[in-house]
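Working notes, beginning with the structure itself.
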Amino acid sequence: MRVPGSASLPQLCARRITQQCLIRQNAAVRGFASHTSTAHPDIEARTPPYEKLVNKLTTVRKVLGQDRGLTLSEKILYAHLDNVEEALGGRGGDVRGKADLKLKVDRVAMQDASAQMALLQFMTCGLTKTAVPASIHCDHMIVGEKGADVDLPKSIEGNKEVFDFLESAAKRYGIQFWAPGSGIIHQVVLENYSAPGLMMLGTDSHTPNAGGLGAIAIGVGGADAVDALVDAPWELKAPKVLGVNLVGKLSGWASPKDVILTLAGKLTVRGGTGYIIEYFGEGVQSLSCTGMATICNMGAEVGATTSLFPFTESMASYLKATQRGPIAEKARAVQNDYLKADSHAEYDKVITIDLSTLEPHLNGPFTPDLSTPISLFKETVEANNWPTKLHSGLIGSCTNSSYQDMQRCESLVKQASAAGLKPKSEFLITPGSEQIRATLEKEKTLETFEKAGGVVLANACGPCIGQWKRSDIEKGDHNAILTSYNRNFRSRNDANPNTLNFLTSPELVTAMAYAGTTTFNPLTDSIPTPDGKEFKFSPPAGAELPETGFATGNPDFYPTFSEPDPSAPVIISPTSTRLAPLDPFPPYGEGELDLTVLIKIKGKCTTDTISAAGSWLKYKGHLENLSHNTLFTALNAETDEVNVAYDTDGTKMAIPELAHKWKKEGKPWMVVGEYNYGEGSAREHAALQPRYLGARVILCKSFARIHETNLKKQGMIPLTFAEEADYDRIGAGDHVRTEGLYDMLKNGGKGEVVLNVTKQNGETIKLPMKHNISGDQAKFILAGSALNLLSAAAKGGKQ
């Protein structure tokens with residue numbers, strides 16, 4: 001199947017967002033990594049200010065003491081402090097896990113689903129341009145079904161209203177706009193924006209992918225991104241540092257993906273919370289830049305703030321290959337001072353992984369930390385009665401769509417094709433960017449996949465984030481898929497709760513698709529060929545970078561270099577069902593809160609649970625319409641029912657239905673949950689929706705980092721049980737009055753909070769709480785949201 005390239009431009013033009021999106025007046029200056037020119041108009045703008053950062057680091061050493069060894073992540077973070085003395089002074093070096101860092105970041109990146117709300121919030125501040133360089137990437141709203149040629153034009157046409165809004169806002173505020181088809185945000189950022197020592201925020205949880213190029217890149221909600229866009233310091237509790245010592249060298253079937261799959265099994269989905277994962281050791285030098293990006297990408301699945309690697313020669317090679325050689329040279333000049341840990345730096349924890357003995361792993365189903373080595377996978381499948389038939393194998397996505405990934409998969413396809421074999425499972429391929437797609441087309445890699453029966457999807461997220469229109473099964477069918485993706489929560493990929501997604505390397509996906517079974521081990525097993533022989537795969541092989549350079553591809557997929565245009569209108573239809581300007585949330589008020597528990601949730605409650613993606617992505621810019629999916633896949637802890645809540649009179653209702661009813665009645669409410677509440681995507685809608693519907697408090701055993709921050713940004717109060725066993729003492733329908741909350745907020749986050757709970761039978765109990773609210777976050781909550789404060793400051797008010 002042909003994929004869109006320059007030859008298909010006339011067909012695409014007829015269906016693109018707007019004519020001006022496709023045929024731009026200043027096409028001569030369009031282009032980034034895939035263009036052959038070695039000099040770009042904004043190469044300086046994409047180079048970290050190394051001299052300034054190294055000078056700031058000198059100040060940091062004076063404050064902390066010259067003998068204090070700094071990890072790489074500390075160097076980059078502290079060099080971006082707004083005020084070194086305020087953040088680090090008087091601590092005697094005791095910073096990690098305690099200090100509140102106020103940081104000035106270098107760049108912001110937004111994907112289309114989250115950019116809508118981020119821009120709607122930014123627009124309320126009344127500024128004419130963003131304070132730091134920013135980009136928008138249209139990748140989440142492209143449905144994968146029949147292949148790129150069909151899917152991309154159809155998705156563009158169906159989402160025209162949203163893409164028009166994003167492009168018009170980009171033009172007005174000077175944001176670089178990457179049109180649909182250009183690629184997945186994290187791959188495009190790696191190819192164009194990430195750089196050693198950079199600090200970036202991205203409105204997607206897998207933003208740490210950029211750590212493969214030595215950047216501190218952190219996934220955040222839209223309100224956090226607005227901090228940077230309006231030049232306000234962004235606050236982060238100083239993370240602890242988990243060192244991962246890599247020794248040995250990968251060989252055979254082992255891949256960089258297996259490093260993080262193994263680590264996820266060791267740490268669990270919450271083992272990295274509050275930490276930055278910093279890789280070091282001799283094994284680092286043997287990894288490709290894109291392989292390191294894969295490892296950093298999935299650090300989000302263990303809850304880490306971000307992940308990163310020190311500067312290596314593979315980073316320099318990648319920068320040169322993507323036309324950023326000058327950045328590599330400047331990075332090399334500050335390598336010892338800024339881009340690697342001090343020799344005497346200490347880590348809070350250290351885990352050692354031997355790459356030489358690493359075995360391929362498969363993680364899942366339903367959680368990315370259930371890790372099984374390939375040698376044990378067959379017996380694990382049989383012991384758990386998981387499906388042995390493999391319905392689909394999917395490779396690519398932001399995690400594993402690099403040139404090297406695809407080359408290694410192609411080597412396997414060529415082996416199998418030479419033996420007369422075809423995949424027995426559906427085989428879907430997602431290039432990560434137009435640069436990758438065009439290069440694979442030039443080298444006939446895509447032709448190899450297609451001749452084998454593979455279907456090449458658009459350069460977009462597609463099935464990875466629920467944009468997969470399946471036709472091979474019926475809704476509810478019990479089935480298994482293998483993917484090279486990063487996340488595998490129940491119902492995530494295809495809205496089918498009975499699809500079991502096992503995460504693994506693209507090489508393992510490819511080989512196992514030929515066997516058509518989850519019990520096949522390509523390291524040891526053979527497949528019968530049509531001529532009656534036995535075929536056994538040899539280990540995959542593939543070049544790190546293309547010998548002849550990356551191909552240009554369709555030039556229309558690349559942004560133009562533009563200045564802000566305050567006269568450009570931002571396009572929002574007043575009758576739109578997909579976009580709506582935001583009304584500010586009301587301030588906290590005075591005194592304590594009186595609340596009712598809407599729902600007590602059992603088990604894993606991810607941001608997918610709170611605010612589903614998939615078909616709901618079309619409402620990401622319309623809070624009212626989106627709010628109708630709030631918590632609608634949550635499991636009721638008291639009845640074991642999904643999407644069922646009970647009003648105080650016993651009436652059974654859907655969870656969002658009851659929330660809307662209480663909103664109309666002016667009845668504030670709260671949610672009770674378990675561990676790692678809000679795990680998963682950096683989806684601030686999971687905070688916005690409950691807040692919009694009248695929730696004020698979320699109480700649980702523990703929070704995922706991004707979600708806890710998002711709640712506070714939207715004026716919500718995240719509390720955790722001082723005694724986890726108290727989870728069993730509170731339930732839906734209970735009345736709760738806070739004690740000490742208002743004083744704690746007025747005192748800048750200092751003070752104790754207790755919940756006075758009145759059970760429905762009249763019994764009263766007191767539950768002590770814990771909280772992690774800083775002085776600035778207390779101000780957010782009192783103001784009603786961080787945006788209320790930012791907007792007031794931008795308009796001349798006081799914070």
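Lettering and numbering for the structure tokens are positional, with chains as A, B, ... in the shown order, residues counted from 1 in each chain, and ligands counted from 1 in the shown order.
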
For this session: Run DSSP on the backbone and give me the residues of stretch 280-471 of chain A it puts in strand (DSSP E), as a PyMOL selection string.
Result: chain A and resi 280+306-308+349-354+361-363+371-373+390-396+426-430+455-456

For this session: Excluding A:Gly453 and any residue of its chain fewer than 6 positions from it, enumerate the residues within 8 Å of it, using only C-alpha atoms, and give them as a list in words.
Result: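 Those residues are Lys422, Pro423 and Phe427 of chain A.
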
Exercise. Hey, can you check how far atom CA of A:Ser471 sits from atom CA of A:Glu145?
Worked result: 8.2 Å

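One finds atom CA of A:Arg691 at 8.2 Å from atom CA of A:Phe585.
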
For this session: Measuring atom to atom with only C-alpha atoms, identify which of A:Phe163, A:Tyr403, A:Tyr514, A:Ser433 is nearest to A:Tyr558.
Result: A:Ser433

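Excluding A:Gly614 and any residue on its chain fewer than 2 positions from it, the residues at most 9 Å away by only C-alpha atoms are A:Met141, A:Pro463, A:Ile465, A:Gly466, A:Gln467, A:Trp468, A:Arg492, A:Asn493, A:Asp494, A:Ala495, A:Ala612, A:Trp616, A:Leu617, A:Lys618.
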
Contact check, stretch 708-796 of chain A to stretch 658-678 of chain A, at most 9 Å, counting only C-alpha atoms, closest pairs as a Markdown table:
| residue | atom | partner | partner_atom | distance |
| --- | --- | --- | --- | --- |
| A:Glu708 | CA | A:Gly678 | CA | 7.6 |
| A:Glu724 | CA | A:Glu674 | CA | 8.9 |
| A:Tyr727 | CA | A:Glu674 | CA | 7.8 |
| A:Ile730 | CA | A:Val672 | CA | 8.1 |
| A:Gly731 | CA | A:Val672 | CA | 7.7 |
| A:Ala732 | CA | A:Val672 | CA | 8.2 |
| A:Val736 | CA | A:Met670 | CA | 8.8 |

Could you write those residues out with N, CA and C atoms, as a PDB file, in the first residue's frame?
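Output file part_12.pdb is given in full below:
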ATOM      1  N   GLU A 708      -1.125  14.484  40.443  1.00  0.00           N
ATOM      2  CA  GLU A 708      -1.204  15.266  41.685  1.00  0.00           C
ATOM      3  C   GLU A 708      -0.942  16.743  41.401  1.00  0.00           C
ATOM      4  N   GLU A 724      -3.055   4.096  55.848  1.00  0.00           N
ATOM      5  CA  GLU A 724      -3.684   3.541  54.645  1.00  0.00           C
ATOM      6  C   GLU A 724      -4.896   2.669  54.961  1.00  0.00           C
ATOM      7  N   TYR A 727      -8.613   3.719  54.474  1.00  0.00           N
ATOM      8  CA  TYR A 727      -9.356   3.562  53.212  1.00  0.00           C
ATOM      9  C   TYR A 727     -10.621   2.741  53.443  1.00  0.00           C
ATOM     10  N   ILE A 730     -14.015   4.754  55.125  1.00  0.00           N
ATOM     11  CA  ILE A 730     -14.785   5.809  54.467  1.00  0.00           C
ATOM     12  C   ILE A 730     -15.416   5.234  53.207  1.00  0.00           C
ATOM     13  N   GLY A 731     -16.610   5.698  52.868  1.00  0.00           N
ATOM     14  CA  GLY A 731     -17.285   5.123  51.714  1.00  0.00           C
ATOM     15  C   GLY A 731     -18.153   6.130  50.985  1.00  0.00           C
ATOM     16  N   ALA A 732     -18.686   5.712  49.866  1.00  0.00           N
ATOM     17  CA  ALA A 732     -19.564   6.561  49.063  1.00  0.00           C
ATOM     18  C   ALA A 732     -20.790   6.966  49.878  1.00  0.00           C
ATOM     19  N   VAL A 736     -18.386  14.595  54.584  1.00  0.00           N
ATOM     20  CA  VAL A 736     -17.038  14.907  55.060  1.00  0.00           C
ATOM     21  C   VAL A 736     -16.919  16.420  55.261  1.00  0.00           C
TER      22      VAL A 736
END

For this session: Go through stretch 649-736 of chain A and collect every residue that DSSP, computed from the backbone, puts in helix (DSSP H, G or I); the answer should be as a PyMOL selection string.
Result: chain A and resi 655-664+685-693+705-713+724-729

For this session: Could you tell me which of A:Asp139, A:Asp112, A:Glu282, A:Asp649 comes closest to A:Phe165 if we count only C-alpha atoms?
Result: A:Asp112

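If you count only C-alpha atoms and ignore residues fewer than 4 places along the chain from A:Cys409, what sits within 7 Å of it is A:Asp405, A:Val413, A:Pro506, A:Glu507, A:Thr510, A:Pro540.
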
Exercise. Which one is closest to A:Glu544: A:Gly291, A:Gly393, A:Pro133, A:Gly174? Count only C-alpha atoms.
Worked result: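 Answer, going by the shortest atom-to-atom distance: A:Gly291.
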
For this session: Using only C-alpha atoms, pick whichever of A:Glu441, A:Asp369, A:Asp734, A:Glu752 has the shortest atom-to-atom distance to A:Ala300.
Result: A:Asp369

Exercise. Taking only C-alpha atoms into account, which of A:Ala418, A:Cys605, A:Leu595, A:Leu242 comes nearest A:Gly271?
Worked result: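 Checking each candidate against A:Gly271, we get A:Leu242 as the closest.
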
For this session: Using only C-alpha atoms, determine which residues lie at most 6 Å from A:Lys56, disregarding the query and same-chain residues fewer than 3 positions distant; provide the list as a list in words.
Result: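 So the residues in contact are Leu53, Thr59 and Ala79 of chain A.
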